[in-house]
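Text of target_12.txt (compact mmCIF, C-alpha atoms) as supplied:
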# COMPACT_ATOMS: atom_id res chain seq x y z
CA LEU A 10 0.00 0.00 0.00
CA LEU A 11 2.86 2.37 0.74
CA TRP A 12 4.16 2.30 -2.84
CA VAL A 13 0.70 3.27 -4.12
CA LEU A 14 0.81 6.39 -1.97
CA LEU A 15 4.30 7.14 -3.27
CA ALA A 16 2.94 6.86 -6.82
CA VAL A 17 0.94 10.04 -6.13
CA VAL A 18 3.97 12.07 -7.21
CA GLY A 19 3.71 10.68 -10.74
CA ARG A 20 2.51 13.24 -13.27
CA VAL A 21 -0.45 12.36 -15.43
CA GLY A 22 -2.20 14.52 -18.00
CA ARG A 23 -1.11 17.10 -20.54
CA ARG A 24 -3.44 19.84 -19.25
CA ALA A 25 -2.79 21.64 -16.00
CA CYS A 26 -6.37 20.92 -14.88
CA ASP A 27 -5.77 17.17 -15.36
CA ARG A 28 -2.79 17.01 -13.02
CA TYR A 29 -4.94 16.73 -9.89
CA VAL A 30 -6.96 13.71 -10.98
CA TRP A 31 -4.45 10.97 -10.19
CA PRO A 32 -3.20 12.21 -6.77
CA VAL A 33 -6.72 13.11 -5.59
CA ALA A 34 -8.10 9.74 -6.72
CA VAL A 35 -5.34 7.80 -4.94
CA ILE A 36 -5.66 9.73 -1.70
CA LEU A 37 -9.44 9.30 -1.68
CA VAL A 38 -9.21 5.58 -2.43
CA MET A 39 -6.59 5.05 0.29
CA THR A 40 -8.30 7.11 2.99
CA LEU A 41 -12.08 6.97 2.53
CA PRO A 42 -14.52 4.06 2.87
CA ALA A 43 -15.28 2.53 -0.52
CA VAL A 44 -19.01 3.26 -0.07
CA MET A 45 -18.21 6.98 -0.30
CA LEU A 46 -16.52 6.56 -3.68
CA LEU A 47 -19.15 4.52 -5.52
CA PRO A 48 -22.92 4.20 -5.14
CA ASN A 49 -24.26 1.18 -3.31
CA MET A 50 -25.37 -0.66 -6.44
CA ALA A 51 -24.96 -4.40 -6.93
CA ALA A 52 -23.31 -3.94 -10.33
CA LEU A 53 -20.61 -1.78 -8.74
CA HIS A 54 -19.84 -4.02 -5.75
CA PRO A 55 -16.83 -5.69 -7.42
CA LEU A 56 -15.30 -2.27 -8.06
CA ARG A 57 -16.26 -0.87 -4.67
CA ASP A 58 -14.98 -3.85 -2.68
CA ASN A 59 -11.62 -3.92 -4.49
CA ALA A 60 -10.95 -0.20 -4.89
CA VAL A 61 -7.47 -0.28 -3.33
CA LEU A 62 -6.40 -3.32 -5.34
CA LEU A 63 -7.67 -1.74 -8.56
CA ALA A 64 -5.81 1.50 -7.78
CA ALA A 65 -2.59 -0.49 -7.30
CA LEU A 66 -3.08 -2.42 -10.55
CA ALA A 67 -3.88 0.81 -12.39
CA ALA A 68 -0.73 2.46 -11.06
CA ALA A 69 1.37 -0.51 -12.16
CA THR A 70 -0.08 -1.16 -15.61
CA VAL A 71 -2.59 1.39 -16.93
CA VAL A 72 -2.07 4.97 -15.75
CA PRO A 73 -0.22 6.91 -18.50
CA PHE A 74 2.46 8.59 -16.39
CA LEU A 75 4.43 11.22 -18.26
CA SER A 76 8.11 10.63 -18.86
CA ARG A 77 10.53 13.25 -17.56
CA THR A 78 11.53 13.83 -21.17
CA SER A 79 7.97 14.76 -22.16
CA GLU A 80 7.41 18.39 -23.10
CA TYR A 81 4.36 18.39 -20.81
CA TYR A 82 6.17 17.09 -17.72
CA GLN A 83 7.29 20.51 -16.52
CA THR A 84 4.94 22.73 -18.54
CA PRO A 85 1.43 21.30 -19.00
CA VAL A 86 -1.06 23.05 -21.26
CA PRO A 87 -2.05 26.10 -19.17
CA THR A 88 -5.58 26.95 -18.14
CA GLU A 89 -7.15 29.87 -19.98
CA TYR A 90 -8.67 32.55 -17.75
CA ALA A 91 -11.19 35.28 -18.48
CA PRO A 92 -10.03 38.89 -18.14
CA ALA A 93 -10.58 40.37 -14.68
CA VAL A 94 -13.78 42.39 -14.30
CA PRO A 95 -14.07 45.21 -11.73
CA ALA A 96 -16.47 44.44 -8.89
CA ARG A 97 -18.72 46.88 -7.08
CA PHE A 98 -16.68 46.55 -3.91
CA SER A 99 -12.95 47.22 -3.77
CA ARG A 100 -12.18 44.11 -1.70
CA VAL A 101 -13.93 41.73 -4.12
CA PRO A 102 -12.77 39.14 -4.97
CA LEU A 103 -11.53 38.09 -1.55
CA LEU A 104 -9.55 35.25 -3.15
CA PRO A 105 -7.73 36.81 -6.14
CA PHE A 106 -6.27 33.43 -7.13
CA TRP A 107 -9.80 32.06 -7.69
CA ARG A 108 -9.90 33.32 -11.25
CA ARG A 109 -12.51 32.64 -13.91
CA ALA A 110 -11.22 29.63 -15.85
CA LEU A 111 -12.58 29.28 -19.37
CA ASN A 112 -11.61 25.71 -20.12
CA ARG A 113 -13.69 22.66 -19.23
CA PRO A 114 -12.63 21.01 -15.94
CA ASN A 115 -11.63 17.36 -15.88
CA LEU A 116 -14.80 15.23 -15.98
CA LEU A 117 -13.39 12.34 -13.95
CA LEU A 118 -12.25 14.65 -11.17
CA GLU A 119 -15.60 16.45 -11.12
CA LEU A 120 -17.57 13.21 -10.90
CA LEU A 121 -15.32 11.86 -8.16
CA LEU A 122 -15.51 14.99 -6.04
CA ILE A 123 -19.28 15.36 -6.54
CA ARG A 124 -19.76 11.76 -5.44
CA VAL A 125 -17.57 12.19 -2.33
CA PHE A 126 -19.22 15.52 -1.49
CA TYR A 127 -22.69 14.02 -1.78
CA ALA A 128 -21.71 10.99 0.32
CA ALA A 129 -20.36 13.31 3.02
CA TYR A 130 -23.50 15.46 2.76
CA SER A 131 -25.74 12.40 3.22
CA ALA A 132 -23.72 11.18 6.20
CA VAL A 133 -23.78 14.55 7.97
CA ARG A 134 -27.46 15.03 7.17
CA ALA A 135 -28.29 11.68 8.75
CA ALA A 136 -26.03 12.29 11.76
CA ALA A 137 -27.62 15.69 12.41
CA ALA A 138 -30.87 14.13 13.57
CA GLY A 139 -32.21 15.68 16.76
CA GLY A 140 -34.63 14.06 19.14
CA ARG A 141 -38.29 13.84 18.27
CA ALA A 142 -39.29 16.11 21.17
CA VAL A 143 -36.89 18.87 20.08
CA ALA A 144 -37.96 18.60 16.43
CA GLU A 145 -41.65 18.80 17.35
CA GLU A 146 -41.03 21.79 19.61
CA HIS A 147 -39.31 23.55 16.73
CA GLY A 148 -42.28 22.59 14.55
CA ARG A 149 -44.64 24.30 16.99
CA GLN A 150 -42.40 27.38 16.93
CA ILE A 151 -42.47 27.56 13.14
CA HIS A 152 -46.23 27.00 13.09
CA ALA A 153 -46.75 29.81 15.61
CA VAL A 154 -44.60 32.24 13.61
CA GLU A 155 -46.51 31.43 10.43
CA GLN A 156 -49.83 31.95 12.18
CA ALA A 157 -48.63 35.33 13.44
CA LEU A 158 -47.61 36.25 9.88
CA SER A 159 -50.84 34.78 8.40
CA ILE A 160 -48.87 32.54 6.01
CA ASP A 161 -49.88 29.18 7.55
CA VAL A 162 -51.41 27.85 4.32
CA GLU A 163 -50.01 24.30 4.66
CA HIS A 164 -53.12 22.71 6.18
CA TRP A 165 -55.47 24.20 3.58
CA ALA A 166 -53.19 23.27 0.68
CA ASN A 167 -52.58 19.77 2.04
CA HIS A 168 -56.27 18.93 2.40
CA ALA A 169 -57.15 20.54 -0.93
CA VAL A 170 -54.61 18.33 -2.69
CA ALA A 171 -55.58 15.23 -0.71
CA GLY A 172 -59.15 15.67 -2.00
CA THR A 173 -58.03 15.94 -5.65
CA PRO A 174 -56.53 12.58 -6.75
CA TRP A 175 -54.87 13.72 -9.98
CA LEU A 176 -53.25 16.71 -8.29
CA GLU A 177 -52.13 14.58 -5.34
CA HIS A 178 -50.53 12.10 -7.73
CA PHE A 179 -48.82 14.82 -9.80
CA LEU A 180 -47.35 16.71 -6.83
CA GLY A 181 -46.27 13.48 -5.13
CA PHE A 182 -44.54 12.35 -8.32
CA TYR A 183 -42.91 15.76 -8.77
CA TYR A 184 -41.68 15.79 -5.18
CA GLU A 185 -40.06 12.37 -5.45
CA SER A 186 -38.72 12.54 -9.02
CA PHE A 187 -37.22 15.92 -9.85
CA HIS A 188 -35.21 16.85 -6.77
CA PHE A 189 -31.97 15.34 -8.12
CA VAL A 190 -32.74 14.94 -11.83
CA VAL A 191 -33.08 18.61 -12.74
CA PRO A 192 -29.95 19.95 -10.93
CA LEU A 193 -27.81 17.08 -12.26
CA ALA A 194 -29.14 17.57 -15.79
CA LEU A 195 -28.48 21.30 -15.60
CA LEU A 196 -24.93 20.75 -14.34
CA GLY A 197 -24.39 18.28 -17.19
CA VAL A 198 -25.56 20.77 -19.82
CA LEU A 199 -23.41 23.53 -18.36
CA PHE A 200 -20.38 21.24 -18.23
CA ALA A 201 -20.83 20.30 -21.89
CA ARG A 202 -21.87 23.66 -23.32
CA ARG A 203 -20.89 26.44 -20.90
CA SER A 204 -17.86 25.21 -18.99
CA ALA A 205 -16.94 28.54 -17.41
CA ASP A 206 -20.49 29.10 -16.20
CA TYR A 207 -20.49 25.54 -14.88
CA ARG A 208 -17.77 26.49 -12.42
CA TRP A 209 -19.55 29.41 -10.74
CA ALA A 210 -22.91 27.60 -10.80
CA ARG A 211 -21.40 24.50 -9.18
CA ALA A 212 -19.63 26.60 -6.54
CA SER A 213 -22.80 28.48 -5.58
CA LEU A 214 -24.75 25.22 -5.30
CA GLY A 215 -22.03 23.73 -3.11
CA PHE A 216 -22.03 26.70 -0.73
CA ALA A 217 -25.83 26.62 -0.49
CA THR A 218 -25.77 22.91 0.34
CA LEU A 219 -23.14 23.35 3.05
CA LEU A 220 -25.21 26.12 4.64
CA GLY A 221 -28.24 23.85 4.46
CA LEU A 222 -26.34 21.16 6.36
CA LEU A 223 -25.56 23.69 9.06
CA GLY A 224 -29.28 24.42 9.35
CA PHE A 225 -30.11 20.72 9.69
CA TRP A 226 -27.53 20.39 12.45
CA LEU A 227 -28.51 23.47 14.44
CA TYR A 228 -32.28 23.37 14.03
CA PRO A 229 -33.84 19.89 13.69
CA LEU A 230 -37.42 20.44 12.62
CA ALA A 231 -40.40 18.14 12.27
CA PRO A 232 -42.20 18.68 8.96
CA PRO A 233 -45.99 19.12 9.05
CA ARG A 234 -46.62 15.44 8.21
CA LEU A 235 -44.79 14.40 11.41
CA MET A 236 -46.52 16.91 13.71
CA PRO A 237 -49.08 15.26 16.01
CA GLY A 238 -52.47 16.83 16.51
CA LEU A 239 -52.39 19.23 13.54
CA GLY A 240 -54.28 17.00 11.11
CA PHE A 241 -51.83 16.90 8.22
CA ILE A 242 -52.02 14.08 5.66
CA ASP A 243 -48.85 12.49 4.30
CA THR A 244 -49.92 12.31 0.67
CA VAL A 245 -46.60 10.82 -0.51
CA HIS A 246 -45.95 8.03 2.01
CA GLY A 247 -49.41 7.40 3.42
CA ALA A 248 -50.54 7.29 7.05
CA GLN A 249 -47.65 6.85 9.50
CA ASP A 250 -47.01 5.99 13.12
CA LEU A 251 -45.44 9.32 14.13
CA ALA A 252 -43.34 7.61 16.80
CA LYS A 253 -41.78 5.24 14.23
CA PRO A 254 -42.41 6.45 10.68
CA ASP A 255 -41.61 3.86 8.01
CA TYR A 256 -40.59 4.79 4.48
CA GLY A 257 -39.14 1.49 3.44
CA ALA A 258 -35.42 1.13 2.74
CA MET A 259 -34.86 4.89 3.07
CA THR A 260 -36.07 5.06 6.68
CA ALA A 261 -32.71 4.12 8.18
CA VAL A 262 -30.58 6.37 5.95
CA THR A 263 -32.54 9.62 5.94
CA ASN A 264 -33.07 12.25 8.58
CA GLN A 265 -36.79 12.99 8.72
CA TYR A 266 -36.12 16.13 10.77
CA ALA A 267 -33.83 17.79 8.20
CA ALA A 268 -36.50 20.22 7.07
CA MET A 269 -35.02 23.68 7.71
CA PRO A 270 -33.93 24.94 5.24
CA SER A 271 -35.73 23.12 2.43
CA LEU A 272 -33.04 22.09 -0.05
CA HIS A 273 -35.83 20.62 -2.16
CA PHE A 274 -36.89 24.19 -2.82
CA GLY A 275 -33.38 25.63 -2.55
CA TRP A 276 -31.95 23.42 -5.29
CA SER A 277 -34.95 24.07 -7.52
CA LEU A 278 -34.58 27.83 -7.00
CA TRP A 279 -30.89 27.52 -7.88
CA CYS A 280 -31.93 25.82 -11.12
CA GLY A 281 -34.42 28.58 -11.89
CA ILE A 282 -31.88 31.35 -11.28
CA VAL A 283 -29.18 29.69 -13.39
CA ILE A 284 -31.59 29.08 -16.27
CA LEU A 285 -32.92 32.63 -15.99
CA ALA A 286 -29.37 34.00 -16.16
CA LEU A 287 -28.04 31.82 -18.97
CA ALA A 288 -30.91 30.63 -21.18
CA PRO A 289 -30.87 32.41 -24.57
CA LYS A 290 -34.64 32.33 -25.18
CA TRP A 291 -37.42 33.90 -23.11
CA TRP A 292 -39.51 30.73 -23.16
CA MET A 293 -36.56 28.76 -21.77
CA LYS A 294 -36.31 31.25 -18.92
CA ALA A 295 -40.04 30.88 -18.27
CA LEU A 296 -39.80 27.09 -18.19
CA GLY A 297 -36.86 27.33 -15.82
CA LEU A 298 -38.91 29.39 -13.38
CA LEU A 299 -41.72 26.82 -13.42
CA HIS A 300 -39.49 24.30 -11.65
CA PRO A 301 -39.20 26.22 -8.34
CA LEU A 302 -42.89 27.10 -8.59
CA PHE A 303 -43.93 23.46 -8.92
CA THR A 304 -41.45 22.42 -6.24
CA VAL A 305 -42.65 24.87 -3.60
CA SER A 306 -46.23 23.82 -4.37
CA ALA A 307 -45.26 20.15 -3.95
CA ILE A 308 -43.32 20.48 -0.70
CA VAL A 309 -46.08 22.48 0.98
CA ALA A 310 -49.10 20.63 -0.38
CA THR A 311 -47.67 17.19 0.43
CA ALA A 312 -46.97 18.34 4.04
CA ASN A 313 -43.23 17.71 3.67
CA HIS A 314 -42.21 21.29 4.50
CA TRP A 315 -43.43 24.45 6.12
CA VAL A 316 -43.61 27.69 4.13
CA LEU A 317 -40.74 29.07 6.20
CA ASP A 318 -38.63 26.07 5.17
CA ALA A 319 -38.87 27.36 1.60
CA VAL A 320 -37.84 30.82 2.83
CA GLY A 321 -34.83 29.17 4.48
CA GLY A 322 -34.01 27.38 1.21
CA ALA A 323 -34.13 30.67 -0.69
CA THR A 324 -31.88 32.26 1.94
CA VAL A 325 -29.10 29.66 1.66
CA VAL A 326 -29.22 29.84 -2.15
CA ALA A 327 -28.89 33.63 -2.04
CA ALA A 328 -25.99 33.20 0.38
CA GLY A 329 -24.41 30.63 -1.97
CA PHE A 330 -24.44 33.02 -4.90
CA GLY A 331 -23.27 35.83 -2.62
CA LEU A 332 -20.30 33.84 -1.31
CA THR A 333 -19.30 32.90 -4.85
CA TYR A 334 -19.39 36.56 -5.82
CA LEU A 335 -17.41 37.67 -2.76
CA LEU A 336 -14.72 35.01 -3.10
CA SER A 337 -14.21 34.97 -6.86
CA GLY A 338 -15.72 38.19 -8.19
CA PRO A 339 -18.56 38.83 -10.63
CA ARG A 340 -19.41 36.79 -13.67
CA THR A 341 -18.28 38.36 -16.90
CA ALA A 342 -20.10 38.73 -20.17
CA VAL A 343 -16.70 38.55 -21.86
CA ARG A 344 -16.52 34.88 -20.97
CA ALA A 345 -19.49 33.89 -23.12
CA ALA A 346 -18.07 35.88 -26.02
CA VAL A 347 -14.71 34.14 -25.67
CA GLU A 348 -16.39 30.72 -25.57
CA ASP A 349 -18.50 31.53 -28.64
CA ASP A 350 -15.35 32.71 -30.43
CA GLN A 351 -13.63 29.44 -29.53
CA VAL A 352 -16.56 27.45 -30.93
CA VAL A 353 -16.49 29.48 -34.18
CA ARG A 354 -12.72 29.04 -34.54
CA ALA A 355 -13.00 25.30 -33.93
CA ALA A 356 -15.73 25.01 -36.58
CA VAL A 357 -13.67 27.03 -39.10
CA ASN A 358 -10.58 24.91 -38.45
CA SER A 359 -12.61 21.74 -38.87
CA VAL A 360 -13.99 22.90 -42.23
CA ALA A 361 -10.51 24.02 -43.33
CA GLY A 362 -9.07 20.65 -42.38
CA ARG A 363 -11.57 18.89 -44.61
Conversion result in structure tokens:
Amino acid sequence: LLWVLLAVVGRVGRRACDRYVWPVAVILVMTLPAVMLLPNMAALHPLRDNAVLLAALAAATVVPFLSRTSEYYQTPVPTEYAPAVPARFSRVPLLPFWRRALNRPNLLLELLLIRVFYAAYSAVRAAAAGGRAVAEEHGRQIHAVEQALSIDVEHWANHAVAGTPWLEHFLGFYYESFHFVVPLALLGVLFARRSADYRWARASLGFATLLGLLGFWLYPLAPPRLMPGLGFIDTVHGAQDLAKPDYGAMTAVTNQYAAMPSLHFGWSLWCGIVILALAPKWWMKALGLLHPLFTVSAIVATANHWVLDAVGGATVVAAGFGLTYLLSGPRTAVRAAVEDDQVVRAAVNSVAGR
């Protein structure tokens, strides 16, 4: 095992952004549980259970280490950066080295880090569970605040949906199906088509998620469907024993009291903002805004979140974009022009080559 760690110093990749893939992959394989690196799927068990062995075999036989005589050994292809853009505040960006890269990041490294980040997120989210009594007390606090503000619409919306079968089915399906699909699809499109925008969008989503985890840890909250005596109907999972709710295989691995802030709504709002900012057509922008609208309707009407949970989700998303701006500076319209110019030049060169 020691020689595999020593192999970290080997240089792999012609591009500067590729140089981190091999050392990061080895360190993660050697230090983290295999379940954090690969999903718990039967087809992946042979890979997951032999990750260290496979890393050693790869280092010995497959990984294309650069020779010291290679022109890329000392000077890899540099990363192209967008010109600096003045910010509104003199101290922005706070991290001047976090510059706006124009090239596409390494896909393998992105997938690996996203997987590890999500595994850590899931573990912390589950570990942040507070006691039922504390979560219910926080639920009563939230309910009281909403009543004082006259925004306690959850009970009315929940019973209205429960009495309309087609709407109950649609919102339940939307709640369960689009939480991960839409953000991942959007990240995929940005990675493929707008690589520079992918970077700031991914960073803002990551910051929002970390702030959401902090909320789960500090303020465990029972959602309306787990509040006794208030008459809410769990339209997604059916009637439950509130002392021991059962949602099948997910019961043991999810924290039912991770409700504040609502990342269901937060992630959907992030999608809407990114689409609104980047989509070239007005109808695309309109469709993008429908996603957070449908999501907030689903989380409230199915009794999975309070209205204030959605406010919390919007707050962490705003903070995520704000932190990205403070640390790395504003987005630049020049970047899109540079990317479009690169696409045009590549097309011209392709035609000329033919």
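Restricting the calculation to only C-alpha atoms, the smallest distance between Ala91 in chain A and any of A:Gly338, A:Pro237, A:Pro229, A:Gly19 is found for A:Gly338.
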Near-range 201-218 of chain A list (10 Å; all atoms listed in the file; drop same-chain fewer than 5 positions) as a PyMOL selection string: chain A and resi 90-91+109-114+116+123+126-127+130+192+195-196+223-224+270+272+275-276+279-280+282-283+287+322-334+337-341+344-345+348-349
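When only C-alpha atoms are used to compute distances to Arg24 in chain A, the closest of the residues A:Ala310, A:Leu75, A:Met293, A:Ala96 turns out to be A:Leu75.
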Rounded to one decimal place, report the CA of Leu46 in chain A-CA of Leu62 in chain A distance in Å.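 Atom-to-atom, CA of Leu46 in chain A and CA of Leu62 in chain A are spaced 14.2 Å apart.
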Set the distance at 6 Å and use all atoms listed in the file: which residues neighbour range 145-158 of chain A once local chain neighbours fewer than 3 positions away are removed? I'd like the list as a PyMOL selection string. chain A and resi 142+161+230-231
Output the selection as a PDB file, in the coordinates of the input - C-alpha atoms for each residue.
ATOM      1  CA  ALA A 142     -39.290  16.110  21.170  1.00  0.00           C
ATOM      2  CA  ASP A 161     -49.880  29.180   7.550  1.00  0.00           C
ATOM      3  CA  LEU A 230     -37.420  20.440  12.620  1.00  0.00           C
ATOM      4  CA  ALA A 231     -40.400  18.140  12.270  1.00  0.00           C
TER       5      ALA A 231
END
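The space separating CA of Arg23 in chain A from CA of Ala68 in chain A comes to 17.4 Å.
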Please compute the CA of Ser79 in chain A-CA of Arg20 in chain A distance, one decimal, in Å.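 That distance, rounded to one decimal, is 10.5 Å.
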From A:Phe187, A:Phe98, A:Phe74, A:Trp31, residue lying nearest Asn115 in chain A [all atoms listed in the file]: A:Trp31
With all atoms listed in the file as the basis for distance, which of A:Lys294, A:Arg100, A:His54, A:His273 is at the shortest distance from Leu336 in chain A?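 Of A:Lys294, A:Arg100, A:His54, A:His273, the one nearest Leu336 in chain A is A:Arg100, counting all atoms listed in the file.
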Here is a test: counting only C-alpha atoms, which residue of A:Tyr266, A:Phe274, A:Phe225, A:Trp107 is nearest to Val309 in chain A?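 Closest candidate: A:Phe274.
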May I have the residues within 10 Å of Val35 in chain A as a PyMOL selection string, using all atoms listed in the file and disregarding those fewer than 6 positions away in the same chain? chain A and resi 13-17+60-61+64-65+68
Using all atoms listed in the file, find the one residue out of A:Ala128, A:Ala268, A:Val133, A:Leu41 that sits nearest to Leu235 in chain A.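 Checking each of A:Ala128, A:Ala268, A:Val133, A:Leu41 against Leu235 in chain A, counting all atoms listed in the file, the winner is A:Ala268.
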